[in-house]
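Trainee: Once you've had a glance at the structure underneath, I'll fire off some questions.
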Amino acid sequence: MSILSIKNLHAEVDGKEILKGIDLEIGAGEIHAIMGPNGSGKSTLSYTLAGREGYKVTKGEVRYQGKDLLEMLPEERAQAGVFLAFQYPVEIPGVPTVTFLKQAMNSVRKARGEKQLDAFEFKKLMDARLKELNIVNDMVRRALNTGFSGGEKKRMEVLQMALLEPTLAILDETDSGLDIDALKTVADGVNALRGADRSMLVITHYQRLLDYIVPDHVHVLFEGRIVRSGDKSLALELEEKGYTDITGAAA
Amino acid sequence: MAIAQETIESVGQATDKYKYGFITEIEMDRAPKGLSEDTIRFISAKKEEPEWLLEWRLKAYRHWLTMKEPTWARVGYPPIDYQDSYYYSAPKSDADRPKSLDEIDPKLLETYEKLGIPLKEQEVLAGVRNVAIDAVFDSVSVATTFKDRLEKDGVIFCSISEAVKKHPELVKKYIGSVVPYSDNFFATLNSAVFTDGSFCYIPKGVRCPMELSTYFRINASETGQFERTLIIADEGSYVSYLEGCTAPQRDENQLHAAVVELVALDDAEIKYSTVQNWYPGDEEGVGGIYNFVTKRGVCEKRAKISWTQVETGSAITWKYPSCILKGDDSVGEFFSIAITNNRQQADTGTKMLHIGKNTRSRIIAKGISAGKSQSTYRGQVRINAMAEGANNYTKCDNLLIVDQCRVHPLPYIESKNRSARVEHEATTSKISDDQLFYCLQRGIPQEDALTLIVNGFCREVLQELPMEFAVEAQKLVGISLEGSVG
């Protein structure tokens, strides 16, 4: 069953067209990787799917679980199970991480008509996830992402993903700014969340991440279009030959 | 980057949703309109005051006649016609004071219920929550609870009128001792016509067994409200006092000129917390409360005074809770959150006067501005020549929700002692789209996201509030920014 279906998606930022006709189908439980050089439109794609203001769709359609995704508000998309792991997770000073997590969790549950969790129920759930992901308790007591190291921030994204249990997770350059140990930790966290009812769109510049989060499909994004698609071997080919070769061949 | 257009538009509509806009109909017993020596004699007679107090009022009034309304604050408003106001009004039942809440006008109780502070429930819950309420309804206290409990410890907590009758020596000794009758235009006016307020005395070495709380509420149409509060913490004592207020919606601008005096004797500590949520007027600022308040405390040796305020209401706020650090090793603190929206104007801050040796003060001021509001932080730190080893730390942060609002940080620092240490930090930032989008992407609706971010920004101050008040204040931040999603 198709979870995400993108057809001929065009989007612009500040009047400049960045996405120039993207087609992509993601089935349930599939992991797709999007690779591309800087400026190819990778982050624009993730923000457009998440519904960020300023990312204007000019043509095409996106259906999520059969519904028109573009009609939905950003928070509605999140509540419906679209999760974006940020390339640069945002610091919110003064807001304890645990407060933020509980509010996010309950906002999503409320929208889904589920019971709100009280402080105790939430803590129990959070502690379980923290343990699974090997995150120290101290982190959730600090202000959200404030003063966190690069690795901590990315692990916090994974923790949020684990709590919100999305149907579609978009990982925007999750590997950026991580050393190899931190990358492994984060990848382990992501892999633990793989499942038949969870699709992922892994956006990355480097093949390295895909050694740890192994995709079912790989797409190459270049100048706002997907110029090649293949299986995981395409990532290795890219690594070997570089973007110029591949994109040059496609042009 | 621009914030969502809906936010800009709907933050502007926030006051449409002013929750506490209702007026209770209760028969009034009021003084004739206008201000004169006769009005003052009427008030004094109504309250059966002793001669010395009447004389003090008249002295203030005569002095007031020679004064000019101050214009230095960064606020603008049409001239106030002081002859077009009533200076005294009391619920009719005043002559026959209710002995219990059951005897209180049900309409009044209803009003409190609308505000979410049902007195009945408060009284029932008293044993658990330990909060005593001296409810000020218009100008006269009509219900005072938990007095017995306090009396056991020798704590006096009553209306100032009652204190004048029962404890005249204390009132006479301390009234005007911190804010003299000639202090400033509005304080002098208050001295002449104050109608009621709270009085509190904590005896030597006593730690007040509960947090003291007064809910102020203006109710009579066109009635200026002139509260007078006097708190005396005797040597080595401690008290935490909470003041919170809301007001019903109305068309006429209303003047409120309160005076609060705190006296912390040697080794005493007073914690004074305020949540102010008076009607701010409509989007154009019409009909809101004018809030000109003088609050000041004096610290004797090793004493400490902490002011914490959350200011979200009023069309105009003019307020500088201050500390006179007279005794050696005394400490003054000021924690403030000021939220302005639409056409609201706030000129607020503090004064820390270091007189004694090794006196310390700390100022944390947070301003949040939306709409076309104006917000000024005005702070003065003055270190006198004798204040050897004095120390001040000031942090002043401003958060802008939209571009049209204005903030003006005006810190004045004056040090006459070379051993003094003064630190000042200030920041101004705009609420970030990144933060808002991050919250939205986690499923948190925009309005809640704004509240969350603003509460985070204010956290340093919110955590200074007593627990129950902190919860209320956080809700108030949400209410003040309500309607921010289109």
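Just remember, in the structure tokens the first chain shown is A, the second B, etc., residues are 1-based per chain, and ligands are 1-based in the order shown.
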Identify, on the basis of only C-alpha atoms, every residue whose closest approach to A:Glu223 does not exceed 8 Å; exclude the query and any residue fewer than 3 positions from it along the same chain; express the result as a PyMOL selection string.
Mentor: chain A and resi 18-20+39-41
Trainee: Starting from chain B, keep only residues with some atom at most 7 Å from an atom of chain A, counting only C-alpha atoms, and report them as a PyMOL selection string.
Mentor: chain B and resi 434-435+437-438+440-445+453+456-457+459
Trainee: Rank B:Asp448, B:Ser198, B:Glu162, B:Asp347 by their smallest atom-to-atom distance to B:Leu436, using only C-alpha atoms, and report the top residue only.
Mentor: B:Asp448
Trainee: Compile the contact shell of A:Gly177 as a short mmCIF file (atom, residue, chain, number, x, y, z; two decimals) with C-alpha atoms, in the first residue's frame: residues with an atom at most 7 Å away, counting only C-alpha atoms, same-chain residues fewer than 2 positions apart removed.
Mentor:
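File written: around_9.cif
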```cif
data_model
loop_
_atom_site.label_atom_id
_atom_site.label_comp_id
_atom_site.auth_asym_id
_atom_site.auth_seq_id
_atom_site.Cartn_x
_atom_site.Cartn_y
_atom_site.Cartn_z
CA GLY A 150 25.38 17.73 17.93
CA ASP A 175 24.31 12.41 9.72
CA ASP A 179 31.33 11.80 14.26
#
```
Trainee: Which residue out of A:Glu25, A:Asp68, A:Ile34, A:Thr44 has the minimum interatomic distance to A:Leu209 when only C-alpha atoms are used?
Mentor: A:Ile34
Trainee: Give the alpha helix (DSSP H) residues of stretch 177-379 of chain B, as assigned by DSSP on the backbone, as a PyMOL selection string.
Mentor: chain B and resi 185-193
Trainee: Between atom CA of B:Phe334 and atom CA of B:Tyr320, what is the distance in Å, rounded to a tenth?
Mentor: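 Those two atoms sit 9.6 Å apart.
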Trainee: Rounded to one decimal, what separation in Å do you get between atom CA of B:Lys301 and atom CA of B:Asp234?
Mentor: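 Computed distance, atom CA of B:Lys301 to atom CA of B:Asp234, equals 11.7 Å.
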Trainee: If you measure from atom CA of A:Met1 to atom CA of A:Thr48, what distance in Å do you get, rounded to one decimal?
Mentor: 22.6 Å
Trainee: Looking at B:Glu472, B:Asp328, B:Asp403, B:Glu69, which one is nearest to B:Asn455, with distances taken over only C-alpha atoms?
Mentor: B:Glu472
Trainee: Excluding A:Gly224 and residues on its chain fewer than 2 positions from it, collect all residues at most 12 Å away from it, counting only C-alpha atoms, and give them as number ranges by chain.
Mentor: A: 8-12, 16-23, 34-45, 220-222, 226-227, 247
Trainee: Please identify the strand (DSSP E or B) residues within stretch 176-353 of chain B (assignment by DSSP from backbone atoms) and present them as an MDAnalysis selection string.
Mentor: chainID B and resid 196 198:202 207 211:217 223 225 227:233 238:246 254:256 259:264 269:277 289:299 304:311 316:319 322:325 331:340 345:353
Trainee: Write out as a ChimeraX atom specification the residues lying within 9 Å of B:Ile368, counting only C-alpha atoms and excluding same-chain residues fewer than 5 positions away.
Mentor: /B:337-341,375,397-401,407,454,457-458
Trainee: As a ChimeraX atom specification, please: the residues near A:Asp138 (cut-off 12 Å, only C-alpha atoms, same-chain neighbours under 3 positions excluded).
Mentor: /A:96-98,127,130,134-135,141-144,148,152
Trainee: With all heavy atoms kept, could you save the residues just selected as a CSV table (one decimal), in the first residue's frame?
Mentor:
```
chain,number,residue,atom,x,y,z
A,96,PRO,N,11.7,23.0,29.5
A,96,PRO,CA,12.3,21.7,29.8
A,96,PRO,C,11.9,20.7,28.8
A,96,PRO,O,10.7,20.6,28.3
A,96,PRO,CB,11.6,21.3,31.2
A,96,PRO,CG,11.1,22.6,31.7
A,96,PRO,CD,10.7,23.4,30.6
A,97,THR,N,12.8,19.9,28.3
A,97,THR,CA,12.6,18.9,27.3
A,97,THR,C,11.4,18.0,27.6
A,97,THR,O,10.6,17.7,26.8
A,97,THR,CB,13.9,18.0,27.1
A,97,THR,OG1,14.9,18.9,26.7
A,97,THR,CG2,13.7,17.0,26.0
A,98,VAL,N,11.3,17.6,28.9
A,98,VAL,CA,10.2,16.7,29.2
A,98,VAL,C,8.9,17.4,29.1
A,98,VAL,O,7.9,16.7,28.6
A,98,VAL,CB,10.4,16.1,30.7
A,98,VAL,CG1,10.5,17.2,31.7
A,98,VAL,CG2,9.4,15.1,31.0
A,127,ASP,N,10.5,7.0,30.1
A,127,ASP,CA,11.6,6.2,30.7
A,127,ASP,C,11.9,4.9,29.9
A,127,ASP,O,13.1,4.6,29.7
A,127,ASP,CB,11.3,5.9,32.2
A,127,ASP,CG,11.4,7.1,33.1
A,127,ASP,OD1,12.0,8.1,32.5
A,127,ASP,OD2,11.0,7.1,34.2
A,130,LEU,N,13.7,5.9,26.8
A,130,LEU,CA,15.0,6.4,27.1
A,130,LEU,C,15.9,5.2,27.3
A,130,LEU,O,17.1,5.2,26.8
A,130,LEU,CB,15.0,7.2,28.4
A,130,LEU,CG,14.5,8.6,28.3
A,130,LEU,CD1,14.3,9.3,29.7
A,130,LEU,CD2,15.3,9.5,27.4
A,134,ASN,N,19.0,4.2,25.1
A,134,ASN,CA,20.3,4.4,25.9
A,134,ASN,C,20.6,5.9,26.1
A,134,ASN,O,21.7,6.3,25.9
A,134,ASN,CB,21.4,3.7,25.1
A,134,ASN,CG,22.3,3.0,26.0
A,134,ASN,OD1,22.3,3.2,27.2
A,134,ASN,ND2,23.1,2.1,25.5
A,135,ILE,N,19.5,6.6,26.4
A,135,ILE,CA,19.7,8.1,26.6
A,135,ILE,C,19.6,8.3,28.1
A,135,ILE,O,18.8,7.8,28.8
A,135,ILE,CB,18.6,8.9,25.9
A,135,ILE,CG1,18.8,8.7,24.4
A,135,ILE,CG2,18.7,10.4,26.2
A,135,ILE,CD1,17.7,9.4,23.5
A,141,ARG,N,15.8,16.6,31.3
A,141,ARG,CA,15.5,17.6,32.3
A,141,ARG,C,16.0,19.0,31.9
A,141,ARG,O,15.6,20.0,32.4
A,141,ARG,CB,16.1,17.2,33.7
A,141,ARG,CG,15.3,16.2,34.4
A,141,ARG,CD,15.7,16.0,35.8
A,141,ARG,NE,15.8,14.6,36.1
A,141,ARG,CZ,16.9,14.0,36.4
A,141,ARG,NH1,18.0,14.6,36.5
A,141,ARG,NH2,16.8,12.7,36.7
A,142,ARG,N,16.9,19.0,31.0
A,142,ARG,CA,17.5,20.3,30.5
A,142,ARG,C,16.5,20.9,29.5
A,142,ARG,O,15.6,20.3,29.0
A,142,ARG,CB,18.8,20.0,29.8
A,142,ARG,CG,19.9,19.7,30.8
A,142,ARG,CD,21.0,18.8,30.3
A,142,ARG,NE,21.7,19.3,29.2
A,142,ARG,CZ,22.5,18.6,28.4
A,142,ARG,NH1,22.7,17.3,28.7
A,142,ARG,NH2,23.2,19.1,27.4
A,143,ALA,N,16.7,22.2,29.3
A,143,ALA,CA,15.9,22.9,28.3
A,143,ALA,C,16.1,22.3,26.9
A,143,ALA,O,17.2,21.9,26.6
A,143,ALA,CB,16.2,24.4,28.3
A,144,LEU,N,15.0,22.2,26.1
A,144,LEU,CA,15.0,21.5,24.9
A,144,LEU,C,16.2,21.9,23.9
A,144,LEU,O,16.3,23.1,23.5
A,144,LEU,CB,13.7,21.7,24.1
A,144,LEU,CG,13.6,21.0,22.8
A,144,LEU,CD1,13.5,19.5,23.1
A,144,LEU,CD2,12.3,21.4,22.1
A,148,PHE,N,22.8,21.4,23.9
A,148,PHE,CA,23.1,20.0,23.6
A,148,PHE,C,24.2,20.0,22.6
A,148,PHE,O,24.4,20.8,21.7
A,148,PHE,CB,21.9,19.4,23.0
A,148,PHE,CG,20.8,19.0,23.9
A,148,PHE,CD1,20.6,19.7,25.1
A,148,PHE,CD2,19.8,18.1,23.6
A,148,PHE,CE1,19.6,19.4,26.0
A,148,PHE,CE2,18.8,17.8,24.5
A,148,PHE,CZ,18.7,18.4,25.7
A,152,GLU,N,23.8,14.8,20.8
A,152,GLU,CA,22.7,14.8,21.7
A,152,GLU,C,21.4,15.3,21.0
A,152,GLU,O,20.3,14.8,21.2
A,152,GLU,CB,23.0,15.7,22.9
A,152,GLU,CG,23.9,15.1,23.9
A,152,GLU,CD,24.2,16.0,25.1
A,152,GLU,OE1,24.3,17.3,24.9
A,152,GLU,OE2,24.4,15.5,26.2
```
Trainee: Point out the residue among B:Tyr238, B:Trp64, B:Phe194, B:Phe226 with the least atom-to-atom distance to B:Pro209, counting only C-alpha atoms.
Mentor: B:Tyr238
Trainee: Could you list, as a ChimeraX atom specification, every residue within 12 Å of B:Lys68, counting only C-alpha atoms and ignoring same-chain residues fewer than 4 positions away?
Mentor: /B:63-64,72,79,184-186,188-189
